[in-house]
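Visitor: Below is the file data.pdb, with PDB, C-alpha atoms and all ligand atoms.
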ATOM      1  CA  MET A 702      -4.404   9.043  -2.127
ATOM      2  CA  ASP A 703      -2.867   5.622  -2.659
ATOM      3  CA  TRP A 704      -5.088   2.503  -2.617
ATOM      4  CA  GLY A 705      -3.883   1.271   0.776
ATOM      5  CA  LEU A 706      -4.330   4.619   2.456
ATOM      6  CA  LYS A 707      -7.800   5.049   0.961
ATOM      7  CA  ASN A 708      -8.764   1.538   1.961
ATOM      8  CA  ARG A 709      -7.583   2.011   5.560
ATOM      9  CA  LEU A 710      -9.347   5.362   5.910
ATOM     10  CA  ALA A 711     -12.578   3.801   4.571
ATOM     11  CA  GLN A 712     -12.454   1.343   7.478
ATOM     12  CA  ILE A 713     -12.763   4.313   9.829
ATOM     13  CA  ILE A 714     -14.827   6.901   7.935
ATOM     14  CA  ARG A 715     -17.399   4.587   6.430
ATOM     15  CA  PRO A 716     -18.015   5.165   2.714
ATOM     16  CA  GLU A 717     -21.733   4.264   3.042
ATOM     17  CA  THR A 718     -22.429   7.457   5.004
ATOM     18  CA  GLY A 719     -19.132   9.358   4.960
ATOM     19  CA  LYS A 720     -19.185   9.266   8.769
ATOM     20  CA  ALA A 721     -17.313   7.569  11.605
ATOM     21  CA  VAL A 722     -18.191   6.198  15.021
ATOM     22  CA  MET A 723     -14.866   5.777  16.785
ATOM     23  CA  LEU A 724     -14.784   4.513  20.363
ATOM     24  CA  ALA A 725     -11.956   6.229  22.277
ATOM     25  CA  VAL A 726     -10.384   4.075  24.992
ATOM     26  CA  ASP A 727      -6.802   5.375  24.867
ATOM     27  CA  HIS A 728      -7.053   7.558  27.985
ATOM     28  CA  GLY A 729      -4.852   5.334  30.146
ATOM     29  CA  TYR A 730      -1.752   6.565  28.314
ATOM     30  CA  PHE A 731      -1.703   9.650  30.541
ATOM     31  CA  LEU A 732      -4.612   9.169  32.975
ATOM     32  CA  GLY A 733      -3.815   5.628  34.145
ATOM     33  CA  PRO A 734      -6.834   3.624  35.357
ATOM     34  CA  VAL A 735      -9.398   6.357  34.739
ATOM     35  CA  SER A 736     -12.875   5.780  36.147
ATOM     36  CA  ARG A 737     -14.910   3.173  34.187
ATOM     37  CA  LEU A 738     -11.873   2.228  32.116
ATOM     38  CA  GLU A 739     -10.086   0.439  34.964
ATOM     39  CA  ASN A 740     -10.484  -2.807  33.037
ATOM     40  CA  PRO A 741     -10.430  -1.896  29.334
ATOM     41  CA  ALA A 742     -11.478  -5.370  28.140
ATOM     42  CA  LYS A 743     -14.622  -5.191  30.267
ATOM     43  CA  THR A 744     -15.446  -1.653  29.151
ATOM     44  CA  ILE A 745     -14.876  -2.328  25.464
ATOM     45  CA  ALA A 746     -16.673  -5.701  25.120
ATOM     46  CA  PRO A 747     -20.348  -4.593  25.140
ATOM     47  CA  LEU A 748     -19.652  -1.411  23.142
ATOM     48  CA  MET A 749     -17.525  -2.760  20.311
ATOM     49  CA  GLN A 750     -20.415  -3.867  18.087
ATOM     50  CA  TYR A 751     -21.667  -0.253  17.892
ATOM     51  CA  ALA A 752     -18.313   1.259  16.900
ATOM     52  CA  ASP A 753     -16.705   1.387  13.472
ATOM     53  CA  SER A 754     -13.250   1.554  15.036
ATOM     54  CA  LEU A 755     -11.428   1.593  18.378
ATOM     55  CA  MET A 756      -8.891   4.245  19.347
ATOM     56  CA  ILE A 757      -6.457   2.585  21.728
ATOM     57  CA  THR A 758      -2.809   2.246  22.772
ATOM     58  CA  ARG A 759      -0.675  -0.698  21.684
ATOM     59  CA  GLY A 760      -0.385  -1.995  25.258
ATOM     60  CA  ALA A 761      -4.122  -2.104  25.837
ATOM     61  CA  LEU A 762      -4.682  -3.476  22.347
ATOM     62  CA  ARG A 763      -2.359  -6.418  22.900
ATOM     63  CA  ALA A 764      -3.567  -7.092  26.435
ATOM     64  CA  CYS A 765      -7.301  -6.400  26.186
ATOM     65  CA  VAL A 766      -8.569  -6.913  22.633
ATOM     66  CA  ASP A 767      -8.987 -10.316  20.988
ATOM     67  CA  PRO A 768      -7.285 -10.154  17.571
ATOM     68  CA  LEU A 769      -9.891 -12.571  16.219
ATOM     69  CA  ARG A 770     -12.870 -10.441  17.266
ATOM     70  CA  THR A 771     -12.091  -6.812  16.794
ATOM     71  CA  LYS A 772     -12.736  -3.656  14.814
ATOM     72  CA  PRO A 773     -10.394  -1.468  12.757
ATOM     73  CA  ILE A 774      -7.842   0.089  15.080
ATOM     74  CA  VAL A 775      -6.728   3.710  15.374
ATOM     75  CA  LEU A 776      -3.501   3.405  17.309
ATOM     76  CA  ARG A 777      -2.361   6.178  19.634
ATOM     77  CA  VAL A 778       1.344   6.642  18.966
ATOM     78  CA  SER A 779       2.099   9.743  21.044
ATOM     79  CA  GLY A 780       2.536  10.154  24.791
ATOM     80  CA  GLY A 781       5.255  10.143  27.403
ATOM     81  CA  ASN A 782       3.516  12.360  29.941
ATOM     82  CA  SER A 783       1.039  11.923  32.807
ATOM     83  CA  ILE A 784      -1.722  13.800  34.534
ATOM     84  CA  VAL A 785       0.499  14.181  37.624
ATOM     85  CA  GLY A 786       3.526  15.346  35.654
ATOM     86  CA  LYS A 787       4.663  18.901  34.987
ATOM     87  CA  ASP A 788       3.300  19.491  31.516
ATOM     88  CA  LEU A 789       0.787  17.497  29.490
ATOM     89  CA  SER A 790       1.983  19.061  26.242
ATOM     90  CA  ASP A 791       5.385  17.387  26.511
ATOM     91  CA  GLU A 792       4.565  14.475  24.201
ATOM     92  CA  GLY A 793       6.825  12.444  21.960
ATOM     93  CA  LEU A 794       6.288   9.526  19.609
ATOM     94  CA  THR A 795       5.852   6.311  21.587
ATOM     95  CA  VAL A 796       5.405   3.635  18.918
ATOM     96  CA  SER A 797       7.496   2.776  15.872
ATOM     97  CA  PHE A 798       5.811   2.610  12.507
ATOM     98  CA  GLU A 799       7.030  -0.964  12.213
ATOM     99  CA  ASP A 800       5.033  -1.951  15.292
ATOM    100  CA  ALA A 801       1.928  -0.120  14.065
ATOM    101  CA  ILE A 802       2.103  -2.115  10.837
ATOM    102  CA  ARG A 803       2.761  -5.339  12.772
ATOM    103  CA  LEU A 804      -0.463  -4.638  14.673
ATOM    104  CA  ASN A 805      -2.282  -4.235  11.350
ATOM    105  CA  VAL A 806      -3.846  -0.944  12.421
ATOM    106  CA  SER A 807      -6.005   1.230  10.167
ATOM    107  CA  ALA A 808      -4.616   4.604  11.289
ATOM    108  CA  VAL A 809      -2.192   6.153  13.757
ATOM    109  CA  ALA A 810      -3.039   9.085  16.054
ATOM    110  CA  ILE A 811      -0.868  11.786  17.559
ATOM    111  CA  SER A 812      -1.705  14.773  19.769
ATOM    112  CA  ILE A 813      -0.528  18.248  18.809
ATOM    113  CA  TYR A 814      -0.246  21.073  21.331
ATOM    114  CA  VAL A 815      -0.517  24.350  19.429
ATOM    115  CA  GLY A 816       0.491  27.477  21.381
ATOM    116  CA  THR A 817       2.387  25.605  24.094
ATOM    117  CA  ASP A 818       6.100  25.238  24.884
ATOM    118  CA  HIS A 819       6.001  21.974  22.941
ATOM    119  CA  GLU A 820       4.218  23.269  19.869
ATOM    120  CA  ASN A 821       7.218  22.787  17.590
ATOM    121  CA  ARG A 822       8.040  19.279  18.804
ATOM    122  CA  THR A 823       4.485  17.974  18.551
ATOM    123  CA  LEU A 824       3.961  19.553  15.121
ATOM    124  CA  THR A 825       7.228  18.292  13.656
ATOM    125  CA  ASN A 826       6.421  14.847  15.068
ATOM    126  CA  LEU A 827       3.111  15.040  13.206
ATOM    127  CA  SER A 828       5.008  15.829  10.001
ATOM    128  CA  LYS A 829       7.370  12.885  10.529
ATOM    129  CA  LEU A 830       4.417  10.601  11.100
ATOM    130  CA  VAL A 831       2.717  11.846   7.918
ATOM    131  CA  ASP A 832       5.919  11.116   5.953
ATOM    132  CA  GLU A 833       5.837   7.546   7.274
ATOM    133  CA  GLY A 834       2.100   7.328   6.697
ATOM    134  CA  GLN A 835       2.534   8.326   3.062
ATOM    135  CA  ARG A 836       5.311   5.759   2.683
ATOM    136  CA  TYR A 837       3.234   2.863   4.038
ATOM    137  CA  GLY A 838      -0.325   3.909   3.145
ATOM    138  CA  MET A 839      -1.334   4.626   6.729
ATOM    139  CA  PRO A 840      -3.723   7.503   7.569
ATOM    140  CA  VAL A 841      -2.644   9.864  10.335
ATOM    141  CA  LEU A 842      -5.120  11.367  12.794
ATOM    142  CA  ALA A 843      -4.007  14.605  14.475
ATOM    143  CA  VAL A 844      -5.630  15.255  17.836
ATOM    144  CA  THR A 845      -5.786  18.951  18.777
ATOM    145  CA  ALA A 846      -5.094  18.513  22.475
ATOM    146  CA  VAL A 847      -5.563  21.201  25.135
ATOM    147  CA  GLY A 848      -4.277  19.325  28.190
ATOM    148  CA  LYS A 849      -5.761  20.812  31.345
ATOM    149  CA  GLU A 850      -6.630  24.103  29.626
ATOM    150  CA  LEU A 851     -10.184  23.189  28.684
ATOM    151  CA  ALA A 852     -11.194  26.871  28.331
ATOM    152  CA  LYS A 853      -9.066  27.043  25.174
ATOM    153  CA  ARG A 854     -11.794  25.190  23.284
ATOM    154  CA  ASP A 855     -13.219  27.970  21.115
ATOM    155  CA  ALA A 856     -13.694  28.179  17.347
ATOM    156  CA  ARG A 857     -10.788  30.574  16.796
ATOM    157  CA  TYR A 858      -8.202  28.382  18.551
ATOM    158  CA  LEU A 859      -9.566  25.058  17.310
ATOM    159  CA  SER A 860      -9.746  26.320  13.694
ATOM    160  CA  LEU A 861      -6.108  27.332  13.969
ATOM    161  CA  CYS A 862      -5.103  23.912  15.305
ATOM    162  CA  CYS A 863      -7.164  21.897  12.801
ATOM    163  CA  ARG A 864      -5.948  23.921   9.849
ATOM    164  CA  ILE A 865      -2.307  23.613  10.878
ATOM    165  CA  ALA A 866      -2.727  19.848  11.316
ATOM    166  CA  ALA A 867      -4.263  19.553   7.843
ATOM    167  CA  GLU A 868      -1.564  21.757   6.286
ATOM    168  CA  LEU A 869       1.108  19.502   7.786
ATOM    169  CA  GLY A 870      -0.573  16.570   6.082
ATOM    170  CA  ALA A 871      -2.852  14.937   8.667
ATOM    171  CA  HIS A 872      -5.427  12.841   6.819
ATOM    172  CA  PHE A 873      -8.124  13.590   9.391
ATOM    173  CA  VAL A 874      -8.313  15.625  12.566
ATOM    174  CA  LYS A 875      -9.907  15.169  15.957
ATOM    175  CA  THR A 876     -10.917  18.248  17.884
ATOM    176  CA  TYR A 877     -13.478  19.432  20.404
ATOM    177  CA  TYR A 878     -16.976  20.632  19.690
ATOM    178  CA  CYS A 879     -17.393  24.379  20.296
ATOM    179  CA  ASP A 880     -19.717  27.298  19.542
ATOM    180  CA  GLU A 881     -19.555  28.123  15.834
ATOM    181  CA  PHE A 882     -18.160  24.665  15.164
ATOM    182  CA  GLU A 883     -19.099  24.983  11.493
ATOM    183  CA  LYS A 884     -16.244  27.504  11.138
ATOM    184  CA  VAL A 885     -13.770  24.875  12.317
ATOM    185  CA  VAL A 886     -15.072  22.393   9.745
ATOM    186  CA  GLU A 887     -15.294  24.919   6.892
ATOM    187  CA  THR A 888     -11.692  26.037   7.276
ATOM    188  CA  CYS A 889     -10.230  22.547   7.585
ATOM    189  CA  PRO A 890      -9.656  20.788   4.260
ATOM    190  CA  VAL A 891      -9.711  17.274   5.769
ATOM    191  CA  PRO A 892     -12.458  15.483   7.736
ATOM    192  CA  VAL A 893     -12.946  16.580  11.352
ATOM    193  CA  VAL A 894     -14.210  14.222  14.067
ATOM    194  CA  ILE A 895     -14.991  15.312  17.607
ATOM    195  CA  ALA A 896     -13.828  14.147  21.005
ATOM    196  CA  GLY A 897     -16.445  14.213  23.737
ATOM    197  CA  GLY A 898     -14.187  15.687  26.415
ATOM    198  CA  PRO A 899     -14.728  15.198  30.153
ATOM    199  CA  LYS A 900     -18.073  13.762  31.244
ATOM    200  CA  LEU A 901     -20.869  16.284  30.743
ATOM    201  CA  LYS A 902     -23.577  16.946  33.342
ATOM    202  CA  SER A 903     -26.131  14.646  31.730
ATOM    203  CA  ASP A 904     -26.511  11.926  29.120
ATOM    204  CA  GLU A 905     -28.803  14.281  27.267
ATOM    205  CA  ASP A 906     -25.972  16.840  26.992
ATOM    206  CA  ALA A 907     -23.725  14.181  25.451
ATOM    207  CA  LEU A 908     -26.354  13.245  22.867
ATOM    208  CA  GLU A 909     -26.889  16.899  22.047
ATOM    209  CA  LEU A 910     -23.147  17.409  21.615
ATOM    210  CA  ALA A 911     -22.965  14.538  19.128
ATOM    211  CA  TYR A 912     -26.054  15.769  17.295
ATOM    212  CA  GLU A 913     -24.844  19.390  17.014
ATOM    213  CA  ALA A 914     -21.395  18.311  15.855
ATOM    214  CA  ILE A 915     -22.815  16.169  13.059
ATOM    215  CA  ALA A 916     -25.365  18.830  12.097
ATOM    216  CA  ARG A 917     -22.531  21.353  11.807
ATOM    217  CA  GLY A 918     -20.382  19.189   9.561
ATOM    218  CA  ALA A 919     -18.348  16.796  11.705
ATOM    219  CA  ALA A 920     -17.286  13.629   9.899
ATOM    220  CA  GLY A 921     -18.039  11.646  13.019
ATOM    221  CA  VAL A 922     -17.286  11.187  16.684
ATOM    222  CA  ASP A 923     -14.323   9.739  18.543
ATOM    223  CA  MET A 924     -15.881   9.742  21.977
ATOM    224  CA  GLY A 925     -14.850   8.019  25.194
ATOM    225  CA  ARG A 926     -15.819   9.295  28.634
ATOM    226  CA  ASN A 927     -19.314  10.460  27.706
ATOM    227  CA  ILE A 928     -20.011   6.927  26.530
ATOM    228  CA  TRP A 929     -18.340   4.618  29.023
ATOM    229  CA  GLN A 930     -18.683   6.908  32.046
ATOM    230  CA  SER A 931     -22.441   7.083  31.420
ATOM    231  CA  ARG A 932     -24.471   4.790  33.654
ATOM    232  CA  TYR A 933     -25.936   3.547  30.362
ATOM    233  CA  PRO A 934     -22.984   3.052  28.027
ATOM    234  CA  VAL A 935     -24.709   0.714  25.550
ATOM    235  CA  PRO A 936     -27.814   2.913  25.070
ATOM    236  CA  MET A 937     -25.492   5.914  24.753
ATOM    237  CA  ILE A 938     -23.286   4.520  21.990
ATOM    238  CA  ALA A 939     -26.282   2.979  20.206
ATOM    239  CA  ALA A 940     -28.074   6.355  20.120
ATOM    240  CA  ILE A 941     -24.900   8.160  19.044
ATOM    241  CA  ARG A 942     -24.462   5.668  16.225
ATOM    242  CA  LYS A 943     -27.957   6.493  14.944
ATOM    243  CA  ILE A 944     -27.165  10.231  15.057
ATOM    244  CA  VAL A 945     -23.929   9.768  13.167
ATOM    245  CA  HIS A 946     -24.899   7.227  10.528
ATOM    246  CA  GLU A 947     -28.666   7.655  10.195
ATOM    247  CA  LYS A 948     -29.036  11.419  10.712
ATOM    248  CA  MET A 949     -31.295  10.767  13.703
ATOM    249  CA  THR A 950     -32.561  13.974  15.296
ATOM    250  CA  PHE A 951     -31.631  14.893  18.856
ATOM    251  CA  ALA A 952     -35.251  14.370  20.016
ATOM    252  CA  ALA A 953     -35.442  10.922  18.401
ATOM    253  CA  ALA A 954     -32.045   9.942  19.784
ATOM    254  CA  ARG A 955     -33.124  10.988  23.281
ATOM    255  CA  GLU A 956     -36.249   8.855  22.932
ATOM    256  CA  LEU A 957     -34.242   5.891  21.663
ATOM    257  CA  PHE A 958     -31.807   6.297  24.559
ATOM    258  CA  GLU A 959     -34.697   6.211  27.062
ATOM    259  CA  ASP A 960     -36.135   3.094  25.401
ATOM    260  CA  LEU A 961     -32.794   1.305  25.378
ATOM    261  CA  LYS A 962     -32.282   2.087  29.069
ATOM    262  CA  LYS A 963     -35.157  -0.322  29.786
ATOM    263  CA  LYS A 964     -33.303  -3.139  28.013
ATOM    264  CA  HIS A 965     -29.846  -2.316  29.354
ATOM    265  CA  PRO A 966     -30.080  -1.616  33.092
ATOM    266  CA  ALA A 967     -27.792   0.964  34.710
ATOM    267  CA  GLU A 968     -24.307  -0.219  35.520
ATOM    268  CA  ALA A 969     -23.446  -0.440  39.188
ATOM    269  CA  ARG A 970     -21.103   2.332  40.333
ATOM    270  CA  VAL A 971     -17.919   1.461  42.154
ATOM    271  CA  LYS A 972     -16.995   4.073  44.755
TER     272      LYS A 972
HETATM  273  C1  LIG B   1      -7.462  11.700  25.181
HETATM  274  O1  LIG B   1      -7.483  11.204  26.283
HETATM  275  C2  LIG B   1      -7.738  10.894  24.037
HETATM  276  O2  LIG B   1      -7.183  11.311  22.845
HETATM  277  C3  LIG B   1      -9.198  10.604  23.817
HETATM  278  O3  LIG B   1      -9.246   9.654  22.794
HETATM  279  C4  LIG B   1     -10.053  11.767  23.414
HETATM  280  O4  LIG B   1      -9.963  12.829  24.315
HETATM  281  C5  LIG B   1     -11.508  11.353  23.212
HETATM  282  O5  LIG B   1     -12.067  10.887  24.372
HETATM  283  P1  LIG B   1     -13.114  11.736  25.212
HETATM  284  O6  LIG B   1     -14.391  11.678  24.423
HETATM  285  O7  LIG B   1     -13.220  11.026  26.514
HETATM  286  O8  LIG B   1     -12.603  13.132  25.334
END
Represent the supplied structure as C-alpha cells.
Guide:
Amino acid sequence: MDWGLKNRLAQIIRPETGKAVMLAVDHGYFLGPVSRLENPAKTIAPLMQYADSLMITRGALRACVDPLRTKPIVLRVSGGNSIVGKDLSDEGLTVSFEDAIRLNVSAVAISIYVGTDHENRTLTNLSKLVDEGQRYGMPVLAVTAVGKELAKRDARYLSLCCRIAAELGAHFVKTYYCDEFEKVVETCPVPVVIAGGPKLKSDEDALELAYEAIARGAAGVDMGRNIWQSRYPVPMIAAIRKIVHEKMTFAAARELFEDLKKKHPAEARVK
C-alpha cells in the first residue's frame, strides 16, 4: 500500500485500536429527506465529535458540513436511483475522481449489487474505482447493498459479496451484521465494517448489534439510522464508540447509555 493510501485509510480505521466509528449520513442519495436526516447539518452537528469519519454525499458535504470543522470524509460516489424508482440496484458512478480529490476526502464508497440484474455494472464500476484509487492513493469502500431485499442478509450471501468486493480490490468493505458473522469476516481478506440497517425495535438491540459485530471481528461500524433515528442519538453514538474503541461489554454499554440519557434528554419527535 502506498503512503497516501495508507495514511488516508488510517484516518478512518484508527491505528490506535484498528477500529473505525463511521457516521453514515449518505441516505438522502436514494431516500431523499429520510426521517431525522431532514436537515443533515442539524443531525450531524452533535454527533460529529464521537465519529472518526463521516460517510456522506458531495452535495450534503458542500451544503451542510463546515470545511473548517469536520472529520475525515468517506464520500459516496455511486447512485442514480431512488426508493420510488423501478430498481434500487441500478446504480452508476455519480462523482468524478477529480471532484473527490478536490473535496480532500479520505475514501470513496460505492454500492455493489451481487446477484441482481446490475451485478456486472456495479462490480465493474467498483473495479474502475479501485484503478483510480490505486492511481491517486485513495481507499475504496465497497458497500454490499441489498436494496429492498433485506432477507438476503445471511452469512452465505454476505460472505460471497464481501469476498468478491475484496477480490476486485476494495480496500475495505461495508456489509450487514448477520448470524455467523465471523464467517463473513474470516473469508474476507480486507477489513469489514457493518451498516446498522433500518431502525431496530429498541436502542438496546442497536447496542447489541454493534457489540456482537465487534466481538465477531468487525473492523468497526458505519451506522446511520440506529444512531440518528434513536430518541437519544448522542448517548447512542457515545456508547457505540466505547464498544468499538474500548472493547466495552454490551452490559456496560447499556449502562452507559442509560446514564448518558440523563444528560442528553430525548429529542422531540416531529410527526
Ligand atoms: C445506505 O443508505 C448507506 O450506504 C448507508 O450508509 C448504510 O446503509 C449505513 O447506514 P444504516 O446504518 O442506516 O444502514
Visitor: Determine the nearest neighbour of Tyr814 (chain A) from the options A:Val735, A:Met756, A:Leu859, A:Val796, counting all atoms listed in the file.
Guide: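 Selected residue with least distance to Tyr814 (chain A): A:Leu859.
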Visitor: What separation in Å, quoted to one decimal, exists between CA of Asp791 (chain A) and CA of Val815 (chain A)?
Guide: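 Computed distance, CA of Asp791 (chain A) to CA of Val815 (chain A), equals 11.6 Å.
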Visitor: Kindly give the distance, in Å, that separates CA of Pro734 (chain A) and CA of Ala852 (chain A), rounded to a single decimal.
Guide: 24.7 Å
Visitor: What does the distance between CA of Pro773 (chain A) and CA of Leu706 (chain A) come to in Å, to one decimal place?
Guide: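 Interatomic distance, CA of Pro773 (chain A) to CA of Leu706 (chain A): 13.4 Å.
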Visitor: Pick out the closest residue to ligand LIG 1 (chain B) from this set: A:Asp727, A:Glu881, A:Glu799, A:Glu968. Count all atoms listed in the file.
Guide: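 When distances to ligand LIG 1 (chain B) are compared using all atoms listed in the file, the smallest one comes from A:Asp727.
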Visitor: Using only C-alpha atoms and all ligand atoms, can you tell me which of A:Ser783, A:Ser860, A:Asn821, A:Asn740 comes closest to ligand LIG 1 (chain B)?
Guide: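 Using only C-alpha atoms and all ligand atoms, ligand LIG 1 (chain B) sits closest to A:Ser783.
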Visitor: Check which residues satisfy the PyMOL selection byres (((chain A and resi 728-731) around 9) and not hetatm) in the file shown, then give them as JSON, numbers by chain.
Guide: {"A": [725, 726, 727, 732, 733, 734, 735, 738, 739, 757, 758, 761, 777, 779, 780, 781, 782, 783, 784, 785, 789, 925, 926]}
Visitor: Write the residues of the preceding selection, restricted to C-alpha atoms, as a JSON list (two decimals), keeping the file's coordinate frame.
Guide:
[["chain", "number", "residue", "atom", "x", "y", "z"],
["A", 725, "ALA", "CA", -11.96, 6.23, 22.28],
["A", 726, "VAL", "CA", -10.38, 4.08, 24.99],
["A", 727, "ASP", "CA", -6.80, 5.38, 24.87],
["A", 732, "LEU", "CA", -4.61, 9.17, 32.98],
["A", 733, "GLY", "CA", -3.82, 5.63, 34.15],
["A", 734, "PRO", "CA", -6.83, 3.62, 35.36],
["A", 735, "VAL", "CA", -9.40, 6.36, 34.74],
["A", 738, "LEU", "CA", -11.87, 2.23, 32.12],
["A", 739, "GLU", "CA", -10.09, 0.44, 34.96],
["A", 757, "ILE", "CA", -6.46, 2.58, 21.73],
["A", 758, "THR", "CA", -2.81, 2.25, 22.77],
["A", 761, "ALA", "CA", -4.12, -2.10, 25.84],
["A", 777, "ARG", "CA", -2.36, 6.18, 19.63],
["A", 779, "SER", "CA", 2.10, 9.74, 21.04],
["A", 780, "GLY", "CA", 2.54, 10.15, 24.79],
["A", 781, "GLY", "CA", 5.26, 10.14, 27.40],
["A", 782, "ASN", "CA", 3.52, 12.36, 29.94],
["A", 783, "SER", "CA", 1.04, 11.92, 32.81],
["A", 784, "ILE", "CA", -1.72, 13.80, 34.53],
["A", 785, "VAL", "CA", 0.50, 14.18, 37.62],
["A", 789, "LEU", "CA", 0.79, 17.50, 29.49],
["A", 925, "GLY", "CA", -14.85, 8.02, 25.19],
["A", 926, "ARG", "CA", -15.82, 9.30, 28.63]]
Visitor: Can you turn the PyMOL selection byres (((chain A and resi 711) around 12) and not hetatm) into a concrete residue list for this file, as a list in words?
Guide: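 In the shown coordinates, the PyMOL selection byres (((chain A and resi 711) around 12) and not hetatm) covers Met702, Trp704, Gly705, Leu706, Lys707, Asn708, Arg709, Leu710, Gln712, Ile713, Ile714, Arg715, Pro716, Glu717, Thr718, Gly719, Lys720, Ala721, Asp753, Ser754, Pro773, Ser807, Ala808, Met839, Pro840, His872 and Phe873 of chain A.
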Visitor: Quick one: residues within 9 Å of Ala843 (chain A), all atoms listed in the file counted, chain neighbours fewer than 5 positions away excluded, as a JSON list (two decimals) with C-alpha atoms, in the coordinates of the input?
Guide:
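Listed below is the output, out11.json:
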[["chain", "number", "residue", "atom", "x", "y", "z"],
["A", 809, "VAL", "CA", -2.19, 6.15, 13.76],
["A", 810, "ALA", "CA", -3.04, 9.09, 16.05],
["A", 811, "ILE", "CA", -0.87, 11.79, 17.56],
["A", 812, "SER", "CA", -1.70, 14.77, 19.77],
["A", 813, "ILE", "CA", -0.53, 18.25, 18.81],
["A", 827, "LEU", "CA", 3.11, 15.04, 13.21],
["A", 863, "CYS", "CA", -7.16, 21.90, 12.80],
["A", 866, "ALA", "CA", -2.73, 19.85, 11.32],
["A", 867, "ALA", "CA", -4.26, 19.55, 7.84],
["A", 871, "ALA", "CA", -2.85, 14.94, 8.67],
["A", 872, "HIS", "CA", -5.43, 12.84, 6.82],
["A", 873, "PHE", "CA", -8.12, 13.59, 9.39],
["A", 874, "VAL", "CA", -8.31, 15.62, 12.57],
["A", 875, "LYS", "CA", -9.91, 15.17, 15.96],
["A", 876, "THR", "CA", -10.92, 18.25, 17.88]]
Visitor: Given 5 Å of margin on each side, can you work out the centre and size in Å (one decimal) of an axis-aligned box holding every listed atom of region 917-921 of chain A, as AutoDock Vina command-line options?
Guide:
--center_x -19.9 --center_y 16.5 --center_z 11.3 --size_x 15.2 --size_y 19.7 --size_z 13.5
Visitor: Which residues come within 12 Å of Gly921 (chain A), counting all atoms listed in the file, excluding same-chain residues fewer than 3 positions away, as number ranges by chain?
Guide: A: 713-715, 718-724, 752-754, 873-878, 886, 892-897, 910-918, 924, 941-948
Visitor: Which residue is closest to ligand LIG 1 (chain B)? Choose from A:Ile802, A:Cys862, A:Ala952, A:Val778 and count all atoms listed in the file.
Guide: A:Val778
Visitor: Which one of A:Thr771, A:Phe958, A:Ile938, A:Lys900 sits closest to ligand LIG 1 (chain B) if you count only C-alpha atoms and all ligand atoms?
Guide: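 Among A:Thr771, A:Phe958, A:Ile938, A:Lys900, it is A:Lys900 that comes nearest to ligand LIG 1 (chain B).
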Visitor: Give as a list in words the set of residues within 12 Å of the point (-34.6, 9.4, 22.9), where distances use the file's coordinates and all atoms listed in the file.
Guide: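 Residues with an atom at most 12 Å from (-34.6, 9.4, 22.9): Asp904, Glu905, Leu908, Glu909, Pro936, Met937, Ala939, Ala940, Ile941, Lys943, Ile944, Met949, Thr950, Phe951, Ala952, Ala953, Ala954, Arg955, Glu956, Leu957, Phe958, Glu959, Asp960, Leu961, Lys962 and Lys963 of chain A.
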Visitor: Please fill the gaps in region 783-795 of chain A so it has N, CA and C atoms, and write that as a CSV table (one decimal), in the coordinates of the input.
Guide:
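selection.csv, freshly written:
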chain,number,residue,atom,x,y,z
A,783,SER,N,2.1,12.4,31.9
A,783,SER,CA,1.0,11.9,32.8
A,783,SER,C,0.3,13.1,33.4
A,784,ILE,N,-0.9,12.8,33.9
A,784,ILE,CA,-1.7,13.8,34.5
A,784,ILE,C,-1.1,14.4,35.8
A,785,VAL,N,-0.2,13.6,36.4
A,785,VAL,CA,0.5,14.2,37.6
A,785,VAL,C,1.9,14.8,37.3
A,786,GLY,N,2.2,14.8,36.0
A,786,GLY,CA,3.5,15.3,35.7
A,786,GLY,C,3.4,16.8,35.5
A,787,LYS,N,4.6,17.4,35.1
A,787,LYS,CA,4.7,18.9,35.0
A,787,LYS,C,3.8,19.5,33.9
A,788,ASP,N,3.9,18.8,32.7
A,788,ASP,CA,3.3,19.5,31.5
A,788,ASP,C,2.7,18.5,30.6
A,789,LEU,N,1.4,18.5,30.4
A,789,LEU,CA,0.8,17.5,29.5
A,789,LEU,C,1.2,17.7,28.0
A,790,SER,N,1.7,18.8,27.7
A,790,SER,CA,2.0,19.1,26.2
A,790,SER,C,3.3,18.4,25.8
A,791,ASP,N,4.0,17.9,26.8
A,791,ASP,CA,5.4,17.4,26.5
A,791,ASP,C,5.3,16.0,26.0
A,792,GLU,N,4.8,15.8,24.8
A,792,GLU,CA,4.6,14.5,24.2
A,792,GLU,C,5.6,14.2,23.1
A,793,GLY,N,6.0,12.9,23.1
A,793,GLY,CA,6.8,12.4,22.0
A,793,GLY,C,6.1,11.3,21.3
A,794,LEU,N,6.8,10.7,20.3
A,794,LEU,CA,6.3,9.5,19.6
A,794,LEU,C,6.6,8.3,20.5
A,795,THR,N,5.7,7.4,20.7
A,795,THR,CA,5.9,6.3,21.6
A,795,THR,C,5.8,4.9,20.9
